[in-house]
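Below: one structure, written as structure tokens.
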Protein chains: 2
Amino acid sequence: MDTALLIDDVRLTPILIADPPLLNIQGVHQPYTPRLIVEVTTRSGVTGVGETYGDGTYLDLARPLAEALPGHSVTHVNGLHHLAERVCGGSPAPEAGVDAGGLRGVRTAGKLRLSVVSGFEVACLDALGKTLGLPVHALLGGKVRDAVDYSAYLFYRWAEHPAGGAKDDWGAALDPAGIVAQARRLVADHGFRSFKLKGGVFPPDQEIAAVRALAEAFPGRPLRLDPNGAWSVGTSLYVARRLGGVLEYLEDPASGTDRMAEVAAGTDVPLATNMCVTTFPEIAGAFARDAVQVVLCDHHYWGGLHRTRELAAICRTYGVGLSMHSNTHLGISLAAMTHVAATVPNLDHACDSHYPWQTEDVITARHVFEGGRLAVSDAPGLGVELDRERLAALHRRWLDDDGTMRERDDAAAMRRADPEWVVPAVPRW
Amino acid sequence: MDTALLIDDVRLTPILIADPPLLNIQGVHQPYTPRLIVEVTTRSGVTGVGETYGDGTYLDLARPLAEALPGHSVTHVNGLHHLAERVCGGSPAPEAGVDAGGLRGVRTAGKLRLSVVSGFEVACLDALGKTLGLPVHALLGGKVRDAVDYSAYLFYRWAEHPAGGAKDDWGAALDPAGIVAQARRLVADHGFRSFKLKGGVFPPDQEIAAVRALAEAFPGRPLRLDPNGAWSVGTSLYVARRLGGVLEYLEDPASGTDRMAEVAAGTDVPLATNMCVTTFPEIAGAFARDAVQVVLCDHHYWGGLHRTRELAAICRTYGVGLSMHSNTHLGISLAAMTHVAATVPNLDHACDSHYPWQTEDVITARHVFEGGRLAVSDAPGLGVELDRERLAALHRRWLDDDGTMRERDDAAAMRRADPEWVVPAVPRW
């Protein structure tokens, strides 16, 4: 095989990016959040880029993988998983409980490793595509659509971070009118045709009122509400009854497969999840009990674009719907999300993306939504170009940080406003 | 995207290849069996090859797909399924009952279409790999092993076809001694380290005796027995009890998911299938009932190499074993089987292949098993080259055939020896 495709060098660049004061059950987003940019350079001098979580635990896993990679071919992405298992070892130890940073269900070493591998896999595919002159979607069997739908991701939010930091002109959104106004601006700016509200922030009746206000403002548009597992089974069913007519799906109303199965048994509103089905081993149990009707895929969670396609195949086979989850991310990951989404025939819901909230990026040309959609790029690789000056500046911010922002901790950020804040036990309501 | 990768021309070449008088529950292999060779040529003049079933019903589906393909990119193999659905229409009508040709469970139009698509997908991937200088496995995310294990495929057989035709020097194998002798020669020639006996030919006690003779001759080697669903639940359990200690798995002892589930509930011998789980819609029901413990993948059945990888992901997720099925095939398909097998981490059993029984081929350099394994080719595409003279000669045989060999019909072949023969109803024993 062509030695030009062998990896010569891997560069890891942790950065801090501005993030607005978006609220969720854990607290509030910090003024800056860590991301890790992965660059893989081949012997022929082609560089591919990837992006993943940038907290310390992820960096600790990424470093040995970066060291082990030179000499491997960028074509051999299936082998990344075995390599990562071998070189990343058992750190960190599996840990029960809700991940304060990612709201991604139970946190385990295996899940963190998959997220790290995803950044490397995307970088390899970008390098391969650039070398061959092919878009990443073509490396996954080719697109089956020319554009990918995204939904407007609505958040309760403050106007400013309690401790200062990056500012924007969105103002506060803390009631139905504020959420509708936010939705109108996102529609005006990006053309979104469906809406997701991050809930779990206020008592359920207030969030029901916000969704109802959205339904009135945007009649017939798909609406989603996601309280990140904040509710009891009873509350979940109460919300489902009150919003049954207007919800496309209800996302993680209750925490864990047991409660989700109970909720699902009591309502016709489809339940979606990115918390109780987040890894392959969690699928069989949840599907057998019909606990979820829609799985939110996320290539960072599931270990890359190939694994995301495998998840899609499982959902198709089991008659479970498929949508796409998003955490805070930049333009590299949005490109990767769009490429893999374009190849999946059964992606039957608009994808989530935090992207409109990210004012900073590391690519030279920001993605532009048209009618709420992103055109699928046919340019080589991901179709994005790294802005090295921006990357250096955001890395400098990471270097200069006193350590408070290098780990995303929404609860700590909340304590700047409310020193007594602790992450609420679930069910909260 | 590169217009050099657009398909310019598709050529379909039906052929007849020599086949020994191998016995199964349906009857006996004909002296010649039909295959279809698919050639896809890009605008830059690169030709990729694929291979699939060649019976008339497959040809009827392949022709409109071949006509529709020019202008499509060889990168866009995901789109082949939708294209085939559109252009192949509803012909032939879904048809219940056992496929007399392929022993592949219930025959439906959708299954035939998937087999046709598989030949085109492999041809596209071969052309793409040749264009890019990459092996097909690299187009599937890269190999995770450097060689693929195959098993010796043992058959009860006659020395000659009742109606004449192609001859070989293997002689008859109709009892335990004959099967052991056949196994010894296959081991001497190819180095196989595991064995599969095609059963359903003689009453179960005779086939039990043959497997026991193999266990004595090759102690500790994995052994499989496949009666193609010939047995009742009671007989299946009787055989499982008698062979429990020596079988790697028992393949399709009984017909249909209901009976397989009953058998599985009564034995610890793993049950494998290529008859009751042959399509994605059949998976959920069979897995939920633990009816099968090993699925035999087959890229011809499942719609290509990408779909085979999806099946593998489903089996991995559900803790179901994976092996590989084979029907009569040539070197093009063996190359495709080896490439996809090389990319699947959970292919935990040696693959089946009829290849040693095929004395004719359409490639210039026959595959060579070493220690029962095939090295995974790193040459561009599949790594095989079409022998146009041989292809033309085998096509001439197809053209010259009076129609009796163009449809594989093992029962008709058997009637040349036994005019009263009808395919036995199952369970036969």
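Within each chain, counting starts at residue 1; across the structure tokens, chains are named A, B, ... in the order shown, with ligands numbered 1 upward in that order.
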
Once DSSP has gone over the backbone, tell me which residues of range 164-377 of chain B are in alpha helix (DSSP H), as a ChimeraX atom specification.
/B:176-190,204-217,233-243,257-266,283-288,299-302,305-318,331-343

Considering only C-alpha atoms, extract the chain A residues located within 10 Å of chain B and return them as number ranges by chain.
A: 1-2, 73-80, 82, 121, 125, 131-135, 137-145, 279-285, 287-288, 306-307, 309-319, 343-345, 377-380

Would you return as an MDAnalysis selection string the members of range 245-387 of chain A that DSSP assigns to strand (DSSP E) on this structure's backbone?
chainID A and resid 247:251 271:273 294:297 321:324 373:375

For the residues in the current selection, export N, CA, C and O atoms as a PDB file, in the first residue's frame.
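Dumped everything to selection28.pdb:
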ATOM      1  N   LEU A 247     -45.368  17.732  20.067  1.00  0.00           N
ATOM      2  CA  LEU A 247     -43.972  17.283  20.138  1.00  0.00           C
ATOM      3  C   LEU A 247     -43.618  16.289  19.041  1.00  0.00           C
ATOM      4  O   LEU A 247     -44.320  15.301  18.833  1.00  0.00           O
ATOM      5  N   GLU A 248     -42.511  16.539  18.369  1.00  0.00           N
ATOM      6  CA  GLU A 248     -41.926  15.554  17.457  1.00  0.00           C
ATOM      7  C   GLU A 248     -41.411  14.379  18.288  1.00  0.00           C
ATOM      8  O   GLU A 248     -41.651  13.214  17.979  1.00  0.00           O
ATOM      9  N   TYR A 249     -40.669  14.707  19.333  1.00  0.00           N
ATOM     10  CA  TYR A 249     -40.295  13.713  20.337  1.00  0.00           C
ATOM     11  C   TYR A 249     -39.913  14.406  21.623  1.00  0.00           C
ATOM     12  O   TYR A 249     -39.641  15.614  21.650  1.00  0.00           O
ATOM     13  N   LEU A 250     -39.922  13.628  22.690  1.00  0.00           N
ATOM     14  CA  LEU A 250     -39.518  14.090  24.011  1.00  0.00           C
ATOM     15  C   LEU A 250     -38.178  13.409  24.284  1.00  0.00           C
ATOM     16  O   LEU A 250     -38.062  12.191  24.180  1.00  0.00           O
ATOM     17  N   GLU A 251     -37.175  14.225  24.609  1.00  0.00           N
ATOM     18  CA  GLU A 251     -35.819  13.679  24.710  1.00  0.00           C
ATOM     19  C   GLU A 251     -35.426  13.487  26.168  1.00  0.00           C
ATOM     20  O   GLU A 251     -35.451  14.449  26.951  1.00  0.00           O
ATOM     21  N   LEU A 271     -40.026   8.776  22.490  1.00  0.00           N
ATOM     22  CA  LEU A 271     -38.952   9.197  23.388  1.00  0.00           C
ATOM     23  C   LEU A 271     -37.618   9.069  22.654  1.00  0.00           C
ATOM     24  O   LEU A 271     -37.329   8.040  22.046  1.00  0.00           O
ATOM     25  N   ALA A 272     -36.836  10.132  22.744  1.00  0.00           N
ATOM     26  CA  ALA A 272     -35.499  10.114  22.155  1.00  0.00           C
ATOM     27  C   ALA A 272     -34.473  10.086  23.280  1.00  0.00           C
ATOM     28  O   ALA A 272     -34.790  10.430  24.425  1.00  0.00           O
ATOM     29  N   THR A 273     -33.252   9.672  22.955  1.00  0.00           N
ATOM     30  CA  THR A 273     -32.228   9.636  24.000  1.00  0.00           C
ATOM     31  C   THR A 273     -30.825   9.872  23.474  1.00  0.00           C
ATOM     32  O   THR A 273     -30.485   9.466  22.370  1.00  0.00           O
ATOM     33  N   VAL A 294     -36.330   6.874  19.433  1.00  0.00           N
ATOM     34  CA  VAL A 294     -35.372   7.609  18.598  1.00  0.00           C
ATOM     35  C   VAL A 294     -34.028   7.632  19.328  1.00  0.00           C
ATOM     36  O   VAL A 294     -33.977   7.990  20.508  1.00  0.00           O
ATOM     37  N   VAL A 295     -32.952   7.238  18.648  1.00  0.00           N
ATOM     38  CA  VAL A 295     -31.615   7.371  19.227  1.00  0.00           C
ATOM     39  C   VAL A 295     -30.927   8.580  18.575  1.00  0.00           C
ATOM     40  O   VAL A 295     -30.976   8.746  17.355  1.00  0.00           O
ATOM     41  N   LEU A 296     -30.328   9.412  19.413  1.00  0.00           N
ATOM     42  CA  LEU A 296     -29.546  10.519  18.884  1.00  0.00           C
ATOM     43  C   LEU A 296     -28.113  10.034  18.704  1.00  0.00           C
ATOM     44  O   LEU A 296     -27.418   9.764  19.683  1.00  0.00           O
ATOM     45  N   CYS A 297     -27.714   9.911  17.448  1.00  0.00           N
ATOM     46  CA  CYS A 297     -26.325   9.517  17.214  1.00  0.00           C
ATOM     47  C   CYS A 297     -25.417  10.729  17.418  1.00  0.00           C
ATOM     48  O   CYS A 297     -25.874  11.869  17.461  1.00  0.00           O
ATOM     49  N   GLY A 321     -36.076   5.096  15.423  1.00  0.00           N
ATOM     50  CA  GLY A 321     -35.739   6.317  14.692  1.00  0.00           C
ATOM     51  C   GLY A 321     -34.328   6.787  14.986  1.00  0.00           C
ATOM     52  O   GLY A 321     -33.691   6.360  15.952  1.00  0.00           O
ATOM     53  N   LEU A 322     -33.840   7.684  14.141  1.00  0.00           N
ATOM     54  CA  LEU A 322     -32.478   8.179  14.291  1.00  0.00           C
ATOM     55  C   LEU A 322     -32.469   9.692  14.127  1.00  0.00           C
ATOM     56  O   LEU A 322     -33.049  10.230  13.190  1.00  0.00           O
ATOM     57  N   SER A 323     -31.834  10.358  15.081  1.00  0.00           N
ATOM     58  CA  SER A 323     -31.594  11.780  14.970  1.00  0.00           C
ATOM     59  C   SER A 323     -30.131  11.997  15.344  1.00  0.00           C
ATOM     60  O   SER A 323     -29.389  11.025  15.503  1.00  0.00           O
ATOM     61  N   MET A 324     -29.705  13.250  15.476  1.00  0.00           N
ATOM     62  CA  MET A 324     -28.301  13.480  15.817  1.00  0.00           C
ATOM     63  C   MET A 324     -28.170  14.485  16.946  1.00  0.00           C
ATOM     64  O   MET A 324     -28.804  15.533  16.935  1.00  0.00           O
ATOM     65  N   ARG A 373     -30.526  24.225   6.554  1.00  0.00           N
ATOM     66  CA  ARG A 373     -29.805  23.055   6.048  1.00  0.00           C
ATOM     67  C   ARG A 373     -28.370  23.414   5.716  1.00  0.00           C
ATOM     68  O   ARG A 373     -28.054  24.564   5.426  1.00  0.00           O
ATOM     69  N   LEU A 374     -27.521  22.419   5.761  1.00  0.00           N
ATOM     70  CA  LEU A 374     -26.151  22.583   5.268  1.00  0.00           C
ATOM     71  C   LEU A 374     -25.996  21.751   4.000  1.00  0.00           C
ATOM     72  O   LEU A 374     -26.340  20.557   3.985  1.00  0.00           O
ATOM     73  N   ALA A 375     -25.481  22.382   2.968  1.00  0.00           N
ATOM     74  CA  ALA A 375     -25.169  21.630   1.756  1.00  0.00           C
ATOM     75  C   ALA A 375     -24.028  20.664   2.070  1.00  0.00           C
ATOM     76  O   ALA A 375     -23.126  20.986   2.845  1.00  0.00           O
TER      77      ALA A 375
END

Test item: residues at most 9 Å from Cys88 in chain B, only C-alpha atoms, excluding those fewer than 3 positions along its chain, as a ChimeraX atom specification
/B:60-65,83-85,91,113

Between B:Val422, B:Asp169, B:Arg43, B:Asp361, which has the minimum distance to Ala392 in chain B (counting only C-alpha atoms)?
B:Asp361

Let me make sure I understand: among A:His29, A:Arg259, A:Arg86, A:Arg185, which one has the smallest atom-to-atom distance to Tyr156 in chain A if we use only C-alpha atoms?
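Using only C-alpha atoms, the shortest distance to Tyr156 in chain A belongs to A:His29.
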
With a distance cut-off of 6 Å and only C-alpha atoms, select the neighbouring residues of Asp252 in chain B, excluding the residue or stretch itself and same-chain residues fewer than 2 positions from it, and output the selection as a list of chain:residue names.
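Those residues are B:Asn228, B:Gly229, B:Ala254, B:Thr273.
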
Using only all heavy atoms, please write the residues we just selected to a file, as a compact mmCIF listing (two decimals), in the first residue's frame.
# COMPACT_ATOMS: atom_id res chain seq x y z
N ASN B 228 -29.31 -27.98 6.16
CA ASN B 228 -30.24 -27.07 5.45
C ASN B 228 -31.69 -27.20 5.92
O ASN B 228 -32.62 -27.25 5.10
CB ASN B 228 -30.17 -27.29 3.94
CG ASN B 228 -28.96 -26.61 3.31
OD1 ASN B 228 -28.12 -27.27 2.71
ND2 ASN B 228 -28.85 -25.30 3.45
N GLY B 229 -31.86 -27.29 7.22
CA GLY B 229 -33.22 -27.27 7.77
C GLY B 229 -33.98 -28.57 7.60
O GLY B 229 -35.22 -28.59 7.68
N ALA B 254 -32.97 -27.14 11.79
CA ALA B 254 -34.41 -27.15 11.52
C ALA B 254 -34.76 -25.90 10.72
O ALA B 254 -34.01 -24.93 10.67
CB ALA B 254 -35.19 -27.20 12.83
N THR B 273 -26.95 -19.99 11.23
CA THR B 273 -27.96 -19.95 10.18
C THR B 273 -27.53 -19.12 8.99
O THR B 273 -26.85 -18.10 9.14
CB THR B 273 -29.30 -19.38 10.69
OG1 THR B 273 -30.28 -19.53 9.65
CG2 THR B 273 -29.19 -17.89 11.03

Any idea what's packed within 7 Å of His395 in chain B, counting only C-alpha atoms, ignoring anything in its chain fewer than 4 positions away? Could you give it as an NGL selection string?
:B and (13-16 or 391 or 399)

Expected file: the selected residues, all heavy atoms, as an mmCIF file, in the first residue's frame:
data_model
loop_
_atom_site.group_PDB
_atom_site.id
_atom_site.type_symbol
_atom_site.label_atom_id
_atom_site.label_comp_id
_atom_site.auth_asym_id
_atom_site.auth_seq_id
_atom_site.Cartn_x
_atom_site.Cartn_y
_atom_site.Cartn_z
ATOM 1 N N THR B 13 -22.016 -10.181 -18.105
ATOM 2 C CA THR B 13 -21.667 -11.393 -18.839
ATOM 3 C C THR B 13 -22.124 -12.628 -18.073
ATOM 4 O O THR B 13 -21.475 -13.048 -17.110
ATOM 5 C CB THR B 13 -20.142 -11.488 -19.085
ATOM 6 O OG1 THR B 13 -19.677 -10.251 -19.615
ATOM 7 C CG2 THR B 13 -19.816 -12.621 -20.033
ATOM 8 N N PRO B 14 -23.244 -13.207 -18.476
ATOM 9 C CA PRO B 14 -23.662 -14.465 -17.843
ATOM 10 C C PRO B 14 -22.784 -15.603 -18.329
ATOM 11 O O PRO B 14 -22.420 -15.646 -19.513
ATOM 12 C CB PRO B 14 -25.110 -14.638 -18.295
ATOM 13 C CG PRO B 14 -25.254 -13.804 -19.527
ATOM 14 C CD PRO B 14 -24.208 -12.719 -19.476
ATOM 15 N N ILE B 15 -22.416 -16.476 -17.418
ATOM 16 C CA ILE B 15 -21.537 -17.601 -17.785
ATOM 17 C C ILE B 15 -22.057 -18.884 -17.143
ATOM 18 O O ILE B 15 -22.901 -18.835 -16.235
ATOM 19 C CB ILE B 15 -20.078 -17.363 -17.313
ATOM 20 C CG1 ILE B 15 -20.023 -17.180 -15.787
ATOM 21 C CG2 ILE B 15 -19.478 -16.150 -18.025
ATOM 22 C CD1 ILE B 15 -18.609 -17.052 -15.228
ATOM 23 N N LEU B 16 -21.569 -19.975 -17.632
ATOM 24 C CA LEU B 16 -21.815 -21.268 -16.987
ATOM 25 C C LEU B 16 -20.471 -21.830 -16.564
ATOM 26 O O LEU B 16 -19.544 -21.890 -17.369
ATOM 27 C CB LEU B 16 -22.502 -22.242 -17.954
ATOM 28 C CG LEU B 16 -23.993 -22.015 -18.219
ATOM 29 C CD1 LEU B 16 -24.506 -23.044 -19.230
ATOM 30 C CD2 LEU B 16 -24.800 -22.115 -16.921
ATOM 31 N N LEU B 391 -13.358 -15.849 -19.668
ATOM 32 C CA LEU B 391 -14.699 -15.282 -19.534
ATOM 33 C C LEU B 391 -15.494 -15.502 -20.825
ATOM 34 O O LEU B 391 -16.661 -15.935 -20.784
ATOM 35 C CB LEU B 391 -14.598 -13.787 -19.221
ATOM 36 C CG LEU B 391 -15.937 -13.052 -19.024
ATOM 37 C CD1 LEU B 391 -16.639 -13.546 -17.755
ATOM 38 C CD2 LEU B 391 -15.716 -11.535 -18.954
ATOM 39 N N LEU B 399 -24.176 -19.201 -23.829
ATOM 40 C CA LEU B 399 -24.919 -18.921 -25.068
ATOM 41 C C LEU B 399 -25.352 -20.213 -25.753
ATOM 42 O O LEU B 399 -26.456 -20.303 -26.292
ATOM 43 C CB LEU B 399 -24.045 -18.104 -26.035
ATOM 44 C CG LEU B 399 -23.796 -16.647 -25.670
ATOM 45 C CD1 LEU B 399 -22.748 -16.033 -26.607
ATOM 46 C CD2 LEU B 399 -25.093 -15.833 -25.722
#

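Taking CA of Pro427 in chain A as the reference point, CA of Thr235 in chain A is found at 9.1 Å.
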